Amino acid sequence: MKTATKGMVLVPGGRFHMGSGDFYPEERPIHEVAVSDLWVDEHPVTNAQFRRFVKATGHATVAEQAPHAADFPDAAAADLVPGSLVFVGSKGPIPLDDWTRWWAWVPGTNWRHPYGPGSTLDGRDLHPVLHVGYEDAAAYAVWIGKALPTESQWEYAARGGLDGATYAWGGDFMPKGRIMANTWHGRFPWENLRPHGFDRTSPVKRFAPNGYGLYDVAGNVWEWTTTPWAADHTTTGDPPIHACCTPGTENIGEQDRRVIKGGSHLCAPSYCHRYRPAARQGHAVRSTTSHLGFRCV
């Protein structure tokens, strides 16, 4: 199938310095990587776009299926029901050494009901789709004739031509006081000052694009890549992978992890300074949350 490039940006290929030596150990070592010309979605996949995919294919997402008992051998049968993780915050300052204090497993949560069974997508068509597992993102990419990016492709595109810069827009978090992305302002996880007006996700394209014309490469939602998780950059480029353009998830389990990039609206300097192109985390492929989405290439 020939991929339609409407809504995509052509990122010219080149070489860049991947990673960072200034923040977290998993971002090291800095190394030079070459990336070919690449068409990239100008923003994360939205609820409206994902709805069209589901309508055309009948796809049931990971969050809409009961977890596999084999992946959670210690779980009670009553807990193995469809659902997803939702950020709930806290009522005041708490230690930041246990994420379960501000996240909750909520049965009935999925992309259609992003904050629990009573929530809807009303007014959220242009927000990034949430609660999608790796196989859901990969299935969407195949359906639309695209692919998910590798980590190096994603980082190169997110940098917008600013090789070595801390942020996608330069060296200052808020140049001349301007808010550049949907990130957490205040004391995490209880004080959300919301100077940009959003307490959760924001519609795509509400903040300035990077140098390549890509939106939301920092904050808003984390984004899936095809790259298997490794604790640091021990090789040049991405680790070898197979079937990057097809789901290939028949034998995937909770122990499998992929690199996610970009940070989210929950990232704050005091806890998660990861709204930077070099930032990276490993995420279980069948774990879905209220701050993780994707874009295609």
# chains A, B, ... in the order shown; residues from 1 in each chain; ligands from 1
>>> residues_around(residues="stretch 177-182 of chain A", least_positions_apart="4", cutoff="6 Å", atoms="only C-alpha atoms", output="number ranges by chain")
A: 207, 219-220, 265
>>> write_last_selection(atoms="C-alpha atoms", output="CSV table (one decimal), in the first residue's frame")
chain,number,residue,atom,x,y,z
A,207,PHE,CA,2.0,24.5,21.5
A,219,GLY,CA,5.0,16.5,27.1
A,220,ASN,CA,1.3,15.7,26.6
A,265,HIS,CA,1.8,16.1,30.9
>>> residues_around(residues="A:Trp229", least_positions_apart="6", cutoff="8 Å", atoms="only C-alpha atoms", output="CSV table (one decimal) with C-alpha atoms, in the first residue's frame")
chain,number,residue,atom,x,y,z
A,257,ARG,CA,9.4,-3.8,27.1
A,258,ARG,CA,9.8,-1.1,24.4
A,259,VAL,CA,11.4,2.4,24.6
A,281,GLN,CA,12.0,4.9,29.5
A,282,GLY,CA,11.2,1.2,29.1
A,283,HIS,CA,7.5,0.3,29.2
>>> closest_residue(among="A:His233, A:Arg51, A:Arg276, A:Arg194", to="A:Ala158", atoms="only C-alpha atoms")
A:Arg276
>>> closest_residue(among="A:Pro44, A:Pro29, A:Pro269, A:Gly211", to="A:Ala231", atoms="only C-alpha atoms")
A:Pro29
>>> select_by_dssp(residues="stretch 2-247 of chain A", states="alpha helix (DSSP H)", output="ChimeraX atom specification")
/A:47-57,134-144,151-159
>>> closest_residue(among="A:Phe198, A:Tyr215, A:Trp102, A:Phe87", to="A:Ala168", atoms="only C-alpha atoms")
A:Tyr215
>>> closest_residue(among="A:Asp136, A:Asp37, A:Asp79, A:Glu155", to="A:Tyr275", atoms="only C-alpha atoms")
A:Glu155
>>> closest_atom_pairs(of="stretch 156-263 of chain A", to="stretch 14-20 of chain A", cutoff="8 Å", atoms="only C-alpha atoms", output="tab-separated table")
residue	atom	partner	partner_atom	distance
A:Tyr156	CA	A:Phe16	CA	6.8
A:Asp163	CA	A:Phe16	CA	5.9
A:Gly164	CA	A:His17	CA	6.4
A:His233	CA	A:Gly19	CA	7.6
>>> write_last_selection(atoms="N, CA and C atoms", output="mmCIF file, in the first residue's frame")
data_model
loop_
_atom_site.group_PDB
_atom_site.id
_atom_site.type_symbol
_atom_site.label_atom_id
_atom_site.label_comp_id
_atom_site.auth_asym_id
_atom_site.auth_seq_id
_atom_site.Cartn_x
_atom_site.Cartn_y
_atom_site.Cartn_z
ATOM 1 N N TYR A 156 15.676 11.783 16.556
ATOM 2 C CA TYR A 156 16.181 12.666 15.505
ATOM 3 C C TYR A 156 15.094 13.642 15.066
ATOM 4 N N ASP A 163 20.735 19.754 17.085
ATOM 5 C CA ASP A 163 21.582 18.676 17.593
ATOM 6 C C ASP A 163 22.250 19.107 18.898
ATOM 7 N N GLY A 164 22.062 18.298 19.941
ATOM 8 C CA GLY A 164 22.692 18.569 21.224
ATOM 9 C C GLY A 164 21.924 19.490 22.145
ATOM 10 N N HIS A 233 22.564 3.312 26.231
ATOM 11 C CA HIS A 233 22.922 3.276 24.816
ATOM 12 C C HIS A 233 24.267 2.570 24.667
#
>>> select_by_dssp(residues="stretch 92-263 of chain A", states="strand (DSSP E or B)", output="CSV table (one decimal) with N, CA, C and O atoms, in the first residue's frame")
chain,number,residue,atom,x,y,z
A,103,TRP,N,-0.9,6.4,41.1
A,103,TRP,CA,-1.6,5.7,40.0
A,103,TRP,C,-2.5,4.6,40.5
A,103,TRP,O,-2.3,4.0,41.6
A,104,ALA,N,-3.6,4.4,39.8
A,104,ALA,CA,-4.6,3.4,40.2
A,104,ALA,C,-5.1,2.6,39.0
A,104,ALA,O,-5.3,3.1,37.9
A,105,TRP,N,-5.2,1.3,39.3
A,105,TRP,CA,-5.8,0.4,38.3
A,105,TRP,C,-7.3,0.6,38.3
A,105,TRP,O,-7.9,0.3,39.4
A,106,VAL,N,-7.9,1.0,37.2
A,106,VAL,CA,-9.4,1.3,37.2
A,106,VAL,C,-10.1,0.4,36.2
A,106,VAL,O,-9.9,0.6,35.0
A,107,PRO,N,-10.8,-0.6,36.7
A,107,PRO,CA,-11.5,-1.5,35.8
A,107,PRO,C,-12.5,-0.7,34.9
A,107,PRO,O,-13.1,0.3,35.3
A,110,ASN,N,-10.5,2.5,29.3
A,110,ASN,CA,-9.9,2.2,28.0
A,110,ASN,C,-9.9,3.5,27.2
A,110,ASN,O,-10.2,4.6,27.7
A,113,HIS,N,-13.0,5.4,27.3
A,113,HIS,CA,-13.4,5.9,28.7
A,113,HIS,C,-12.0,6.1,29.4
A,113,HIS,O,-11.6,5.4,30.3
A,114,PRO,N,-11.3,7.2,29.1
A,114,PRO,CA,-9.9,7.4,29.5
A,114,PRO,C,-9.7,7.6,31.0
A,114,PRO,O,-8.6,7.5,31.5
A,116,GLY,N,-12.0,6.3,33.5
A,116,GLY,CA,-12.9,5.4,34.2
A,116,GLY,C,-14.2,5.2,33.5
A,116,GLY,O,-14.4,5.9,32.5
A,128,PRO,N,-4.7,13.4,22.1
A,128,PRO,CA,-4.1,12.1,21.8
A,128,PRO,C,-4.9,10.9,22.4
A,128,PRO,O,-5.4,11.0,23.5
A,167,TYR,N,16.3,20.8,24.9
A,167,TYR,CA,14.8,20.7,24.6
A,167,TYR,C,14.6,20.7,23.1
A,167,TYR,O,15.5,21.1,22.4
A,170,GLY,N,15.3,24.3,22.1
A,170,GLY,CA,16.6,25.0,22.5
A,170,GLY,C,17.1,24.6,23.8
A,170,GLY,O,16.8,23.6,24.4
A,182,ASN,N,3.0,20.9,27.1
A,182,ASN,CA,2.1,20.5,28.2
A,182,ASN,C,2.8,19.6,29.2
A,182,ASN,O,2.9,18.4,29.0
A,219,GLY,N,6.2,16.4,26.3
A,219,GLY,CA,5.0,16.5,27.1
A,219,GLY,C,3.8,15.9,26.4
A,219,GLY,O,3.9,15.2,25.4
A,222,TRP,N,3.6,10.4,26.4
A,222,TRP,CA,4.7,9.5,26.0
A,222,TRP,C,4.3,8.9,24.7
A,222,TRP,O,3.1,8.7,24.4
A,223,GLU,N,5.3,8.4,23.9
A,223,GLU,CA,5.0,7.8,22.6
A,223,GLU,C,5.8,6.5,22.4
A,223,GLU,O,7.0,6.5,22.8
A,224,TRP,N,5.1,5.5,21.9
A,224,TRP,CA,5.8,4.2,21.7
A,224,TRP,C,6.8,4.3,20.6
A,224,TRP,O,6.6,5.0,19.6
A,225,THR,N,7.9,3.5,20.7
A,225,THR,CA,8.8,3.2,19.6
A,225,THR,C,8.9,1.7,19.5
A,225,THR,O,8.5,1.0,20.4
A,226,THR,N,9.5,1.2,18.4
A,226,THR,CA,9.7,-0.2,18.2
A,226,THR,C,10.9,-0.7,18.9
A,226,THR,O,11.1,-2.0,18.9
A,227,THR,N,11.7,0.1,19.4
A,227,THR,CA,13.0,-0.3,19.9
A,227,THR,C,12.9,-1.0,21.3
A,227,THR,O,12.3,-0.5,22.2
A,228,PRO,N,13.4,-2.3,21.4
A,228,PRO,CA,13.4,-3.0,22.7
A,228,PRO,C,14.2,-2.2,23.7
A,228,PRO,O,15.2,-1.6,23.4
A,257,ARG,N,9.4,-5.2,26.9
A,257,ARG,CA,9.4,-3.8,27.1
A,257,ARG,C,9.9,-3.1,25.8
A,257,ARG,O,10.8,-3.6,25.1
A,258,ARG,N,9.3,-1.9,25.5
A,258,ARG,CA,9.8,-1.1,24.4
A,258,ARG,C,10.2,0.3,24.9
A,258,ARG,O,9.6,0.7,26.0
A,259,VAL,N,11.0,1.0,24.2
A,259,VAL,CA,11.4,2.4,24.6
A,259,VAL,C,10.2,3.3,24.3
A,259,VAL,O,9.6,3.2,23.2
A,260,ILE,N,9.9,4.1,25.2
A,260,ILE,CA,8.9,5.2,25.0
A,260,ILE,C,9.6,6.6,25.1
A,260,ILE,O,10.6,6.7,25.8
A,261,LYS,N,9.1,7.6,24.4
A,261,LYS,CA,9.9,8.8,24.3
A,261,LYS,C,9.0,10.0,24.5
A,261,LYS,O,7.7,10.0,24.3
>>> closest_residue(among="A:Phe72, A:Tyr271, A:Tyr134, A:Tyr212", to="A:Val9", atoms="only C-alpha atoms")
A:Tyr212
>>> closest_atom_pairs(of="stretch 30-108 of chain A", to="stretch 289-292 of chain A", cutoff="6 Å", atoms="only C-alpha atoms", output="tab-separated table")
residue	atom	partner	partner_atom	distance
A:Ser84	CA	A:Thr289	CA	5.9
A:Leu85	CA	A:Thr289	CA	4.6
A:Val86	CA	A:Ser290	CA	5.2
>>> write_last_selection(atoms="N, CA and C atoms", output="PDB file, in the first residue's frame")
ATOM      1  N   SER A  84      -7.329  -0.288  32.983  1.00  0.00           N
ATOM      2  CA  SER A  84      -6.075   0.379  32.682  1.00  0.00           C
ATOM      3  C   SER A  84      -5.655   1.240  33.866  1.00  0.00           C
ATOM      4  N   LEU A  85      -4.439   1.786  33.775  1.00  0.00           N
ATOM      5  CA  LEU A  85      -3.892   2.629  34.832  1.00  0.00           C
ATOM      6  C   LEU A  85      -4.267   4.084  34.599  1.00  0.00           C
ATOM      7  N   VAL A  86      -4.747   4.735  35.656  1.00  0.00           N
ATOM      8  CA  VAL A  86      -5.158   6.134  35.593  1.00  0.00           C
ATOM      9  C   VAL A  86      -4.411   6.920  36.663  1.00  0.00           C
TER      10      VAL A  86
END
>>> atom_distance(atom1="atom CA of A:Asp172", atom2="atom CA of A:Cys272")
16.8 Å
>>> atom_distance(atom1="atom CA of A:Pro73", atom2="atom CA of A:Asp256")
16.1 Å
>>> closest_residue(among="A:Gly263, A:Trp190, A:Ala279, A:Trp111", to="A:Ala137", atoms="only C-alpha atoms")
A:Trp111
>>> decode(residues="stretch 104-146 of chain A", atoms="N, CA and C atoms", output="PDB file, in the first residue's frame")
ATOM      1  N   ALA A 104      -3.625   4.411  39.802  1.00  0.00           N
ATOM      2  CA  ALA A 104      -4.608   3.407  40.231  1.00  0.00           C
ATOM      3  C   ALA A 104      -5.057   2.578  39.039  1.00  0.00           C
ATOM      4  N   TRP A 105      -5.191   1.266  39.262  1.00  0.00           N
ATOM      5  CA  TRP A 105      -5.784   0.382  38.262  1.00  0.00           C
ATOM      6  C   TRP A 105      -7.291   0.555  38.339  1.00  0.00           C
ATOM      7  N   VAL A 106      -7.927   0.986  37.235  1.00  0.00           N
ATOM      8  CA  VAL A 106      -9.355   1.277  37.237  1.00  0.00           C
ATOM      9  C   VAL A 106     -10.054   0.375  36.225  1.00  0.00           C
ATOM     10  N   PRO A 107     -10.798  -0.640  36.683  1.00  0.00           N
ATOM     11  CA  PRO A 107     -11.545  -1.499  35.755  1.00  0.00           C
ATOM     12  C   PRO A 107     -12.487  -0.672  34.884  1.00  0.00           C
ATOM     13  N   GLY A 108     -12.616  -1.073  33.636  1.00  0.00           N
ATOM     14  CA  GLY A 108     -13.509  -0.369  32.725  1.00  0.00           C
ATOM     15  C   GLY A 108     -12.890   0.823  32.027  1.00  0.00           C
ATOM     16  N   THR A 109     -11.627   1.125  32.330  1.00  0.00           N
ATOM     17  CA  THR A 109     -10.940   2.230  31.669  1.00  0.00           C
ATOM     18  C   THR A 109     -10.337   1.738  30.361  1.00  0.00           C
ATOM     19  N   ASN A 110     -10.489   2.505  29.309  1.00  0.00           N
ATOM     20  CA  ASN A 110      -9.880   2.212  28.008  1.00  0.00           C
ATOM     21  C   ASN A 110      -9.878   3.482  27.180  1.00  0.00           C
ATOM     22  N   TRP A 111      -9.531   3.378  25.914  1.00  0.00           N
ATOM     23  CA  TRP A 111      -9.394   4.592  25.096  1.00  0.00           C
ATOM     24  C   TRP A 111     -10.708   5.343  24.965  1.00  0.00           C
ATOM     25  N   ARG A 112     -11.838   4.631  25.006  1.00  0.00           N
ATOM     26  CA  ARG A 112     -13.141   5.289  24.924  1.00  0.00           C
ATOM     27  C   ARG A 112     -13.533   5.945  26.246  1.00  0.00           C
ATOM     28  N   HIS A 113     -13.032   5.412  27.347  1.00  0.00           N
ATOM     29  CA  HIS A 113     -13.351   5.899  28.690  1.00  0.00           C
ATOM     30  C   HIS A 113     -12.025   6.144  29.420  1.00  0.00           C
ATOM     31  N   PRO A 114     -11.330   7.247  29.084  1.00  0.00           N
ATOM     32  CA  PRO A 114      -9.939   7.420  29.497  1.00  0.00           C
ATOM     33  C   PRO A 114      -9.709   7.643  30.988  1.00  0.00           C
ATOM     34  N   TYR A 115     -10.747   8.004  31.735  1.00  0.00           N
ATOM     35  CA  TYR A 115     -10.553   8.243  33.169  1.00  0.00           C
ATOM     36  C   TYR A 115     -11.523   7.435  34.019  1.00  0.00           C
ATOM     37  N   GLY A 116     -11.964   6.306  33.495  1.00  0.00           N
ATOM     38  CA  GLY A 116     -12.870   5.434  34.218  1.00  0.00           C
ATOM     39  C   GLY A 116     -14.159   5.238  33.451  1.00  0.00           C
ATOM     40  N   PRO A 117     -14.985   4.273  33.880  1.00  0.00           N
ATOM     41  CA  PRO A 117     -16.202   3.922  33.138  1.00  0.00           C
ATOM     42  C   PRO A 117     -17.146   5.089  32.887  1.00  0.00           C
ATOM     43  N   GLY A 118     -17.178   6.080  33.756  1.00  0.00           N
ATOM     44  CA  GLY A 118     -18.101   7.202  33.573  1.00  0.00           C
ATOM     45  C   GLY A 118     -17.578   8.304  32.679  1.00  0.00           C
ATOM     46  N   SER A 119     -16.329   8.227  32.266  1.00  0.00           N
ATOM     47  CA  SER A 119     -15.743   9.285  31.433  1.00  0.00           C
ATOM     48  C   SER A 119     -15.999   8.993  29.954  1.00  0.00           C
ATOM     49  N   THR A 120     -15.953  10.022  29.139  1.00  0.00           N
ATOM     50  CA  THR A 120     -16.214   9.880  27.712  1.00  0.00           C
ATOM     51  C   THR A 120     -15.174  10.670  26.913  1.00  0.00           C
ATOM     52  N   LEU A 121     -15.318  10.604  25.586  1.00  0.00           N
ATOM     53  CA  LEU A 121     -14.448  11.364  24.700  1.00  0.00           C
ATOM     54  C   LEU A 121     -15.099  12.661  24.231  1.00  0.00           C
ATOM     55  N   ASP A 122     -16.197  13.053  24.834  1.00  0.00           N
ATOM     56  CA  ASP A 122     -16.875  14.291  24.444  1.00  0.00           C
ATOM     57  C   ASP A 122     -15.900  15.464  24.545  1.00  0.00           C
ATOM     58  N   GLY A 123     -15.731  16.170  23.443  1.00  0.00           N
ATOM     59  CA  GLY A 123     -14.833  17.313  23.413  1.00  0.00           C
ATOM     60  C   GLY A 123     -13.366  16.946  23.351  1.00  0.00           C
ATOM     61  N   ARG A 124     -13.067  15.655  23.165  1.00  0.00           N
ATOM     62  CA  ARG A 124     -11.675  15.206  23.202  1.00  0.00           C
ATOM     63  C   ARG A 124     -11.226  14.569  21.878  1.00  0.00           C
ATOM     64  N   ASP A 125     -11.929  14.840  20.797  1.00  0.00           N
ATOM     65  CA  ASP A 125     -11.556  14.241  19.514  1.00  0.00           C
ATOM     66  C   ASP A 125     -10.129  14.573  19.114  1.00  0.00           C
ATOM     67  N   LEU A 126      -9.660  15.754  19.439  1.00  0.00           N
ATOM     68  CA  LEU A 126      -8.333  16.193  19.026  1.00  0.00           C
ATOM     69  C   LEU A 126      -7.268  15.973  20.091  1.00  0.00           C
ATOM     70  N   HIS A 127      -7.627  15.294  21.171  1.00  0.00           N
ATOM     71  CA  HIS A 127      -6.632  14.899  22.163  1.00  0.00           C
ATOM     72  C   HIS A 127      -5.961  13.603  21.710  1.00  0.00           C
ATOM     73  N   PRO A 128      -4.720  13.360  22.128  1.00  0.00           N
ATOM     74  CA  PRO A 128      -4.084  12.086  21.778  1.00  0.00           C
ATOM     75  C   PRO A 128      -4.864  10.909  22.356  1.00  0.00           C
ATOM     76  N   VAL A 129      -4.959   9.824  21.586  1.00  0.00           N
ATOM     77  CA  VAL A 129      -5.590   8.618  22.106  1.00  0.00           C
ATOM     78  C   VAL A 129      -4.736   8.078  23.244  1.00  0.00           C
ATOM     79  N   LEU A 130      -5.390   7.538  24.276  1.00  0.00           N
ATOM     80  CA  LEU A 130      -4.718   7.012  25.466  1.00  0.00           C
ATOM     81  C   LEU A 130      -5.040   5.529  25.636  1.00  0.00           C
ATOM     82  N   HIS A 131      -4.360   4.907  26.580  1.00  0.00           N
ATOM     83  CA  HIS A 131      -4.633   3.511  26.947  1.00  0.00           C
ATOM     84  C   HIS A 131      -4.461   2.557  25.768  1.00  0.00           C
ATOM     85  N   VAL A 132      -3.427   2.799  24.958  1.00  0.00           N
ATOM     86  CA  VAL A 132      -3.116   1.899  23.856  1.00  0.00           C
ATOM     87  C   VAL A 132      -1.816   1.160  24.155  1.00  0.00           C
ATOM     88  N   GLY A 133      -1.861  -0.158  24.050  1.00  0.00           N
ATOM     89  CA  GLY A 133      -0.657  -0.952  24.197  1.00  0.00           C
ATOM     90  C   GLY A 133       0.162  -0.922  22.922  1.00  0.00           C
ATOM     91  N   TYR A 134       1.357  -1.487  22.999  1.00  0.00           N
ATOM     92  CA  TYR A 134       2.236  -1.513  21.831  1.00  0.00           C
ATOM     93  C   TYR A 134       1.559  -2.202  20.639  1.00  0.00           C
ATOM     94  N   GLU A 135       0.887  -3.310  20.885  1.00  0.00           N
ATOM     95  CA  GLU A 135       0.258  -4.023  19.775  1.00  0.00           C
ATOM     96  C   GLU A 135      -0.893  -3.237  19.173  1.00  0.00           C
ATOM     97  N   ASP A 136      -1.564  -2.401  19.967  1.00  0.00           N
ATOM     98  CA  ASP A 136      -2.627  -1.550  19.437  1.00  0.00           C
ATOM     99  C   ASP A 136      -2.048  -0.492  18.500  1.00  0.00           C
ATOM    100  N   ALA A 137      -0.957   0.140  18.942  1.00  0.00           N
ATOM    101  CA  ALA A 137      -0.299   1.153  18.112  1.00  0.00           C
ATOM    102  C   ALA A 137       0.230   0.528  16.824  1.00  0.00           C
ATOM    103  N   ALA A 138       0.832  -0.652  16.936  1.00  0.00           N
ATOM    104  CA  ALA A 138       1.379  -1.322  15.761  1.00  0.00           C
ATOM    105  C   ALA A 138       0.269  -1.715  14.787  1.00  0.00           C
ATOM    106  N   ALA A 139      -0.864  -2.172  15.302  1.00  0.00           N
ATOM    107  CA  ALA A 139      -1.984  -2.549  14.438  1.00  0.00           C
ATOM    108  C   ALA A 139      -2.536  -1.339  13.696  1.00  0.00           C
ATOM    109  N   TYR A 140      -2.632  -0.220  14.382  1.00  0.00           N
ATOM    110  CA  TYR A 140      -3.081   1.014  13.721  1.00  0.00           C
ATOM    111  C   TYR A 140      -2.121   1.389  12.598  1.00  0.00           C
ATOM    112  N   ALA A 141      -0.811   1.320  12.878  1.00  0.00           N
ATOM    113  CA  ALA A 141       0.189   1.687  11.878  1.00  0.00           C
ATOM    114  C   ALA A 141       0.064   0.823  10.622  1.00  0.00           C
ATOM    115  N   VAL A 142      -0.125  -0.477  10.806  1.00  0.00           N
ATOM    116  CA  VAL A 142      -0.284  -1.374   9.657  1.00  0.00           C
ATOM    117  C   VAL A 142      -1.544  -1.018   8.885  1.00  0.00           C
ATOM    118  N   TRP A 143      -2.633  -0.767   9.584  1.00  0.00           N
ATOM    119  CA  TRP A 143      -3.908  -0.447   8.929  1.00  0.00           C
ATOM    120  C   TRP A 143      -3.795   0.789   8.054  1.00  0.00           C
ATOM    121  N   ILE A 144      -3.071   1.786   8.528  1.00  0.00           N
ATOM    122  CA  ILE A 144      -3.000   3.041   7.779  1.00  0.00           C
ATOM    123  C   ILE A 144      -1.840   3.064   6.798  1.00  0.00           C
ATOM    124  N   GLY A 145      -1.050   1.981   6.755  1.00  0.00           N
ATOM    125  CA  GLY A 145       0.037   1.883   5.798  1.00  0.00           C
ATOM    126  C   GLY A 145       1.304   2.588   6.217  1.00  0.00           C
ATOM    127  N   LYS A 146       1.512   2.700   7.518  1.00  0.00           N
ATOM    128  CA  LYS A 146       2.702   3.362   8.037  1.00  0.00           C
ATOM    129  C   LYS A 146       3.454   2.397   8.954  1.00  0.00           C
TER     130      LYS A 146
END
